[in-house]
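Student: Supplied structure: work.txt, compact mmCIF, N, CA and C atoms and all ligand atoms.
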# COMPACT_ATOMS: atom_id res chain seq x y z
N MET A 1 -15.13 3.33 -5.30
CA MET A 1 -14.90 4.59 -5.97
C MET A 1 -13.40 4.83 -6.09
N PHE A 2 -12.97 5.13 -7.32
CA PHE A 2 -11.55 5.39 -7.54
C PHE A 2 -11.19 6.82 -7.14
N HIS A 3 -10.04 6.97 -6.48
CA HIS A 3 -9.52 8.28 -6.07
C HIS A 3 -8.21 8.54 -6.80
N ARG A 4 -8.11 9.69 -7.39
CA ARG A 4 -6.86 10.09 -8.02
C ARG A 4 -5.86 10.41 -6.91
N VAL A 5 -4.73 9.72 -6.88
CA VAL A 5 -3.81 9.88 -5.75
C VAL A 5 -2.44 10.43 -6.13
N LEU A 6 -2.08 10.27 -7.40
CA LEU A 6 -0.69 10.57 -7.75
C LEU A 6 -0.56 10.70 -9.26
N GLU A 7 0.30 11.59 -9.70
CA GLU A 7 0.65 11.59 -11.12
C GLU A 7 1.48 10.33 -11.39
N ALA A 8 1.21 9.66 -12.48
CA ALA A 8 1.91 8.41 -12.78
C ALA A 8 3.42 8.62 -12.86
N ALA A 9 3.83 9.78 -13.36
CA ALA A 9 5.26 10.06 -13.50
C ALA A 9 5.95 10.22 -12.14
N ALA A 10 5.19 10.39 -11.08
CA ALA A 10 5.77 10.59 -9.75
C ALA A 10 6.18 9.26 -9.11
N LEU A 11 5.76 8.14 -9.70
CA LEU A 11 6.09 6.82 -9.14
C LEU A 11 7.10 6.13 -10.05
N ALA A 12 8.25 5.83 -9.50
CA ALA A 12 9.29 5.14 -10.28
C ALA A 12 9.21 3.64 -10.03
N GLU A 13 9.57 2.86 -11.04
CA GLU A 13 9.63 1.42 -10.85
C GLU A 13 10.61 1.10 -9.72
N GLY A 14 10.20 0.23 -8.83
CA GLY A 14 11.03 -0.15 -7.70
C GLY A 14 10.87 0.77 -6.50
N ALA A 15 9.95 1.75 -6.62
CA ALA A 15 9.78 2.73 -5.54
C ALA A 15 8.40 2.63 -4.88
N CYS A 16 8.26 3.35 -3.80
CA CYS A 16 7.02 3.38 -3.02
C CYS A 16 6.68 4.83 -2.71
N GLU A 17 5.41 5.18 -2.82
CA GLU A 17 4.95 6.52 -2.44
C GLU A 17 3.81 6.37 -1.43
N VAL A 18 3.77 7.28 -0.49
CA VAL A 18 2.68 7.30 0.50
C VAL A 18 1.64 8.31 0.01
N VAL A 19 0.38 7.89 -0.03
CA VAL A 19 -0.70 8.77 -0.47
C VAL A 19 -1.79 8.80 0.59
N THR A 20 -2.66 9.79 0.49
CA THR A 20 -3.73 9.95 1.49
C THR A 20 -5.09 9.86 0.80
N ILE A 21 -5.96 9.07 1.37
CA ILE A 21 -7.35 8.99 0.92
C ILE A 21 -8.21 8.99 2.18
N GLU A 22 -9.19 9.87 2.22
CA GLU A 22 -10.07 9.95 3.40
C GLU A 22 -9.25 10.16 4.68
N ARG A 23 -8.22 10.95 4.58
CA ARG A 23 -7.34 11.28 5.72
C ARG A 23 -6.61 10.06 6.30
N LYS A 24 -6.57 8.96 5.54
CA LYS A 24 -5.81 7.77 5.94
C LYS A 24 -4.72 7.54 4.90
N ARG A 25 -3.71 6.80 5.30
CA ARG A 25 -2.56 6.60 4.44
C ARG A 25 -2.59 5.25 3.71
N TRP A 26 -2.14 5.31 2.46
CA TRP A 26 -1.99 4.14 1.61
C TRP A 26 -0.58 4.14 1.05
N LEU A 27 -0.10 2.97 0.69
CA LEU A 27 1.18 2.86 0.00
C LEU A 27 0.90 2.50 -1.45
N VAL A 28 1.52 3.22 -2.35
CA VAL A 28 1.48 2.85 -3.77
C VAL A 28 2.89 2.41 -4.11
N VAL A 29 3.04 1.14 -4.43
CA VAL A 29 4.36 0.59 -4.71
C VAL A 29 4.40 0.08 -6.15
N TRP A 30 5.56 0.12 -6.72
CA TRP A 30 5.75 -0.42 -8.07
C TRP A 30 6.88 -1.44 -7.98
N PRO A 31 6.51 -2.71 -7.79
CA PRO A 31 7.54 -3.75 -7.71
C PRO A 31 8.35 -3.82 -9.01
N THR A 32 9.62 -3.99 -8.88
CA THR A 32 10.51 -4.08 -10.04
C THR A 32 10.07 -5.23 -10.96
N GLY A 33 9.85 -4.90 -12.22
CA GLY A 33 9.43 -5.91 -13.19
C GLY A 33 7.95 -6.21 -13.16
N GLY A 34 7.20 -5.53 -12.30
CA GLY A 34 5.77 -5.80 -12.17
C GLY A 34 4.92 -4.57 -12.45
N GLU A 35 3.75 -4.56 -11.86
CA GLU A 35 2.79 -3.46 -12.05
C GLU A 35 2.59 -2.75 -10.71
N PRO A 36 2.26 -1.46 -10.73
CA PRO A 36 1.99 -0.75 -9.47
C PRO A 36 0.84 -1.38 -8.69
N LYS A 37 0.97 -1.32 -7.37
CA LYS A 37 -0.02 -1.90 -6.45
C LYS A 37 -0.33 -0.89 -5.35
N ALA A 38 -1.52 -1.01 -4.77
CA ALA A 38 -1.91 -0.11 -3.67
C ALA A 38 -2.25 -0.93 -2.43
N PHE A 39 -1.72 -0.51 -1.31
CA PHE A 39 -1.96 -1.18 -0.04
C PHE A 39 -2.33 -0.16 1.03
N ARG A 40 -3.19 -0.56 1.94
CA ARG A 40 -3.44 0.26 3.13
C ARG A 40 -2.17 0.26 3.94
N ALA A 41 -1.76 1.42 4.44
CA ALA A 41 -0.49 1.52 5.16
C ALA A 41 -0.64 1.12 6.62
N LEU A 42 -1.14 -0.09 6.81
CA LEU A 42 -1.28 -0.64 8.16
C LEU A 42 -0.66 -2.03 8.18
N CYS A 43 0.18 -2.26 9.14
CA CYS A 43 0.81 -3.57 9.26
C CYS A 43 -0.19 -4.59 9.81
N PRO A 44 -0.30 -5.74 9.17
CA PRO A 44 -1.24 -6.75 9.67
C PRO A 44 -0.79 -7.39 10.98
N HIS A 45 0.45 -7.15 11.38
CA HIS A 45 0.92 -7.70 12.65
C HIS A 45 0.13 -7.10 13.81
N ASP A 46 0.15 -5.77 13.93
CA ASP A 46 -0.63 -5.18 15.03
C ASP A 46 -1.24 -3.83 14.64
N GLU A 47 -1.46 -3.64 13.32
CA GLU A 47 -2.13 -2.44 12.82
C GLU A 47 -1.30 -1.17 13.02
N SER A 48 -0.01 -1.30 13.21
CA SER A 48 0.85 -0.13 13.27
C SER A 48 1.02 0.45 11.87
N SER A 49 1.40 1.70 11.81
CA SER A 49 1.53 2.38 10.53
C SER A 49 2.71 1.84 9.70
N LEU A 50 2.46 1.73 8.40
CA LEU A 50 3.53 1.35 7.47
C LEU A 50 4.04 2.56 6.69
N VAL A 51 3.68 3.76 7.14
CA VAL A 51 4.11 4.98 6.44
C VAL A 51 5.64 5.05 6.36
N GLU A 52 6.31 4.58 7.38
CA GLU A 52 7.78 4.61 7.40
C GLU A 52 8.39 3.30 6.92
N ALA A 53 7.58 2.43 6.32
CA ALA A 53 8.11 1.17 5.81
C ALA A 53 9.12 1.45 4.70
N THR A 54 10.07 0.56 4.55
CA THR A 54 11.01 0.67 3.44
C THR A 54 10.58 -0.31 2.35
N PHE A 55 10.95 -0.02 1.12
CA PHE A 55 10.62 -0.88 -0.01
C PHE A 55 11.87 -1.02 -0.86
N ASP A 56 12.27 -2.26 -1.08
CA ASP A 56 13.52 -2.50 -1.83
C ASP A 56 13.26 -2.88 -3.29
N GLY A 57 12.04 -2.63 -3.76
CA GLY A 57 11.68 -2.98 -5.12
C GLY A 57 11.00 -4.33 -5.21
N ARG A 58 11.02 -5.06 -4.10
CA ARG A 58 10.42 -6.39 -4.05
C ARG A 58 9.55 -6.56 -2.81
N GLU A 59 10.07 -6.11 -1.67
CA GLU A 59 9.37 -6.31 -0.40
C GLU A 59 9.29 -5.01 0.41
N MET A 60 8.19 -4.88 1.15
CA MET A 60 8.03 -3.78 2.09
C MET A 60 8.47 -4.31 3.46
N THR A 61 9.24 -3.52 4.18
CA THR A 61 9.68 -3.93 5.52
C THR A 61 9.06 -3.00 6.55
N CYS A 62 8.33 -3.58 7.47
CA CYS A 62 7.69 -2.80 8.53
C CYS A 62 8.76 -2.23 9.45
N PRO A 63 8.67 -0.95 9.81
CA PRO A 63 9.70 -0.34 10.66
C PRO A 63 9.61 -0.80 12.12
N HIS A 64 8.50 -1.43 12.51
CA HIS A 64 8.30 -1.73 13.92
C HIS A 64 8.99 -3.02 14.37
N HIS A 65 8.77 -4.11 13.65
CA HIS A 65 9.41 -5.38 14.03
C HIS A 65 10.12 -6.03 12.85
N ARG A 66 10.25 -5.25 11.75
CA ARG A 66 11.03 -5.67 10.59
C ARG A 66 10.43 -6.85 9.82
N TRP A 67 9.14 -7.14 10.01
CA TRP A 67 8.54 -8.19 9.18
C TRP A 67 8.51 -7.65 7.76
N ARG A 68 8.59 -8.57 6.79
CA ARG A 68 8.62 -8.17 5.39
C ARG A 68 7.37 -8.69 4.66
N PHE A 69 6.91 -7.90 3.71
CA PHE A 69 5.69 -8.20 2.96
C PHE A 69 5.94 -8.06 1.47
N ASP A 70 5.43 -9.01 0.71
CA ASP A 70 5.61 -9.02 -0.73
C ASP A 70 4.94 -7.79 -1.35
N GLY A 71 5.68 -7.07 -2.19
CA GLY A 71 5.17 -5.84 -2.79
C GLY A 71 4.15 -6.08 -3.90
N THR A 72 3.97 -7.33 -4.31
CA THR A 72 2.98 -7.64 -5.34
C THR A 72 1.67 -8.12 -4.73
N THR A 73 1.78 -8.89 -3.64
CA THR A 73 0.58 -9.50 -3.05
C THR A 73 0.26 -8.98 -1.65
N GLY A 74 1.24 -8.40 -0.97
CA GLY A 74 1.06 -7.99 0.41
C GLY A 74 1.28 -9.13 1.40
N ALA A 75 1.57 -10.33 0.89
CA ALA A 75 1.75 -11.49 1.76
C ALA A 75 2.98 -11.33 2.65
N CYS A 76 2.86 -11.82 3.86
CA CYS A 76 3.97 -11.79 4.80
C CYS A 76 5.01 -12.81 4.35
N VAL A 77 6.25 -12.39 4.20
CA VAL A 77 7.29 -13.32 3.76
C VAL A 77 8.35 -13.53 4.84
N SER A 78 8.15 -12.91 6.01
CA SER A 78 9.03 -13.18 7.14
C SER A 78 8.23 -12.88 8.39
N GLY A 79 8.82 -13.13 9.54
CA GLY A 79 8.08 -12.92 10.77
C GLY A 79 7.13 -14.09 10.97
N GLN A 80 6.12 -13.89 11.79
CA GLN A 80 5.17 -14.96 12.04
C GLN A 80 4.10 -14.97 10.96
N LYS A 81 3.35 -16.04 10.91
CA LYS A 81 2.28 -16.15 9.93
C LYS A 81 1.21 -15.11 10.26
N CYS A 82 0.81 -14.33 9.25
CA CYS A 82 -0.24 -13.35 9.48
C CYS A 82 -0.96 -13.06 8.17
N ALA A 83 -2.01 -12.29 8.24
CA ALA A 83 -2.76 -11.89 7.05
C ALA A 83 -1.88 -10.99 6.19
N PRO A 84 -2.19 -10.89 4.91
CA PRO A 84 -1.43 -9.97 4.06
C PRO A 84 -1.79 -8.52 4.36
N VAL A 85 -0.93 -7.60 3.93
CA VAL A 85 -1.28 -6.18 3.97
C VAL A 85 -2.46 -6.02 3.01
N LYS A 86 -3.47 -5.28 3.43
CA LYS A 86 -4.69 -5.14 2.62
C LYS A 86 -4.40 -4.41 1.31
N GLN A 87 -4.80 -5.05 0.22
CA GLN A 87 -4.54 -4.48 -1.10
C GLN A 87 -5.83 -3.94 -1.70
N TYR A 88 -5.70 -2.85 -2.45
CA TYR A 88 -6.85 -2.22 -3.11
C TYR A 88 -6.57 -2.11 -4.60
N ASP A 89 -7.64 -2.11 -5.39
CA ASP A 89 -7.46 -2.01 -6.85
C ASP A 89 -6.83 -0.68 -7.21
N LEU A 90 -6.03 -0.73 -8.24
CA LEU A 90 -5.34 0.46 -8.72
C LEU A 90 -5.47 0.50 -10.24
N LYS A 91 -5.63 1.70 -10.79
CA LYS A 91 -5.61 1.82 -12.25
C LYS A 91 -4.82 3.07 -12.61
N ILE A 92 -4.28 3.04 -13.82
CA ILE A 92 -3.55 4.21 -14.34
C ILE A 92 -4.34 4.70 -15.54
N GLU A 93 -4.70 5.97 -15.48
CA GLU A 93 -5.54 6.55 -16.53
C GLU A 93 -5.19 8.03 -16.68
N ASP A 94 -5.12 8.49 -17.90
CA ASP A 94 -4.83 9.90 -18.18
C ASP A 94 -3.59 10.40 -17.43
N GLY A 95 -2.59 9.54 -17.33
CA GLY A 95 -1.34 9.96 -16.71
C GLY A 95 -1.38 10.04 -15.19
N ALA A 96 -2.41 9.47 -14.59
CA ALA A 96 -2.51 9.51 -13.13
C ALA A 96 -2.81 8.12 -12.57
N ILE A 97 -2.51 7.96 -11.28
CA ILE A 97 -2.77 6.71 -10.58
C ILE A 97 -4.01 6.90 -9.73
N PHE A 98 -4.92 5.94 -9.83
CA PHE A 98 -6.17 5.97 -9.07
C PHE A 98 -6.24 4.71 -8.20
N VAL A 99 -6.74 4.86 -6.98
CA VAL A 99 -6.91 3.73 -6.07
C VAL A 99 -8.40 3.62 -5.73
N ASP A 100 -8.89 2.39 -5.81
CA ASP A 100 -10.30 2.14 -5.55
C ASP A 100 -10.51 1.81 -4.07
N VAL A 101 -11.22 2.69 -3.38
CA VAL A 101 -11.59 2.43 -1.99
C VAL A 101 -13.10 2.33 -1.95
N PRO A 102 -13.63 1.12 -1.74
CA PRO A 102 -15.08 0.93 -1.75
C PRO A 102 -15.77 1.79 -0.68
N GLU A 103 -17.00 2.16 -0.96
CA GLU A 103 -17.78 3.01 -0.04
C GLU A 103 -17.84 2.41 1.36
N LYS A 104 -18.02 1.09 1.46
CA LYS A 104 -18.14 0.49 2.80
C LYS A 104 -16.84 0.65 3.58
N VAL A 105 -15.69 0.62 2.89
CA VAL A 105 -14.40 0.83 3.57
C VAL A 105 -14.28 2.28 4.00
N LYS A 106 -14.68 3.21 3.11
CA LYS A 106 -14.60 4.63 3.47
C LYS A 106 -15.49 4.94 4.67
N LYS A 107 -16.66 4.34 4.70
CA LYS A 107 -17.58 4.55 5.83
C LYS A 107 -16.93 4.07 7.13
N ARG A 108 -16.29 2.90 7.06
CA ARG A 108 -15.62 2.35 8.25
C ARG A 108 -14.48 3.26 8.68
N LEU A 109 -13.75 3.81 7.71
CA LEU A 109 -12.63 4.71 8.04
C LEU A 109 -13.14 5.99 8.71
N ARG A 110 -14.26 6.51 8.21
CA ARG A 110 -14.81 7.74 8.79
C ARG A 110 -15.28 7.50 10.22
N GLU A 111 -15.83 6.31 10.46
CA GLU A 111 -16.34 5.99 11.80
C GLU A 111 -15.23 5.63 12.77
N GLY A 112 -14.12 5.08 12.19
CA GLY A 112 -13.02 4.62 13.05
C GLY A 112 -12.13 5.74 13.39
S1 LIG B 1 3.95 -3.94 13.64
FE1 LIG B 1 4.72 -4.46 11.66
S2 LIG B 1 5.97 -6.17 12.07
FE2 LIG B 1 5.16 -5.68 13.99
Using structure tokens, write down the structure that the file contains.
Ligand code: FES
Tutor:
Amino acid sequence: MFHRVLEAAALAEGACEVVTIERKRWLVVWPTGGEPKAFRALCPHDESSLVEATFDGREMTCPHHRWRFDGTTGACVSGQKCAPVKQYDLKIEDGAIFVDVPEKVKKRLREG
């Protein structure tokens, strides 16, 4: 199910915005020269929050141990080998950004 999270005009190319769905945080990033992407704001290193992550237009940097993740794929590009930051489908419609969080994920979030 897609959730309206942000006015499209509120996200600048090369920037990152933190949004809330089901009382959990997601990152909506727009990599420079690419398309906006949505990621769960949890670091795959140890599930710490990425709400305070920095984004330089290309990579997200975790504030905890400074590992960096590709803003297009979520893949870890520094630090130790790990899973990518979880990515969710995103669409832009009627001037707004929507993020798709499947029902099974929402159920898990409510229970967790
Ligand atoms: S918790 Fe993100 S790099 Fe360690």
Student: Can you tell me how far atom CA of Val99 of chain A sits from atom N of Val5 of chain A, in Å to one decimal?
Tutor: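 Calculated distance between atom CA of Val99 of chain A and atom N of Val5 of chain A is 6.4 Å.
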Student: How would you report the residues lying within 6.5 Å of ligand LIG 1 (chain B), as a PyMOL selection string, if you count all atoms listed in the file?
Tutor: chain A and resi 43-49+62-68
Student: So how many Å separate atom CA of Ala75 of chain A and atom CA of Gly34 of chain A, to one decimal?
Tutor: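 Distance between the two atoms: 15.6 Å.
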Student: Would you list the residues near (3.4, -8.8, -2.4) (no more than 9 Å away, in the coordinates of the file, using only C-alpha atoms) as a list in words?
Tutor: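 Taken together, the residues in range are Pro31, Lys37, Arg58, Glu59, Met60, Phe69, Asp70, Gly71, Thr72, Thr73, Gly74, Ala75, Cys76, Val77, Pro84 and Val85 of chain A.
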Student: Could you check which of A:Asp94, A:Glu103, A:Asp89, A:Glu111 is closest to Ala8 of chain A, using only N, CA and C atoms?
Tutor: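 Closest residue, counting only N, CA and C atoms: A:Asp94.
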Student: Could you check the closest approach to Val29 of chain A for each of A:Leu50, A:Gln80, A:Met1, A:Phe55 and tell me which residue wins, using all atoms listed in the file?
Tutor: A:Phe55
Student: Could you check which of A:Val51, A:Ile97, A:Ile92, A:Leu6 is closest to Trp26 of chain A, using all atoms listed in the file?
Tutor: A:Val51
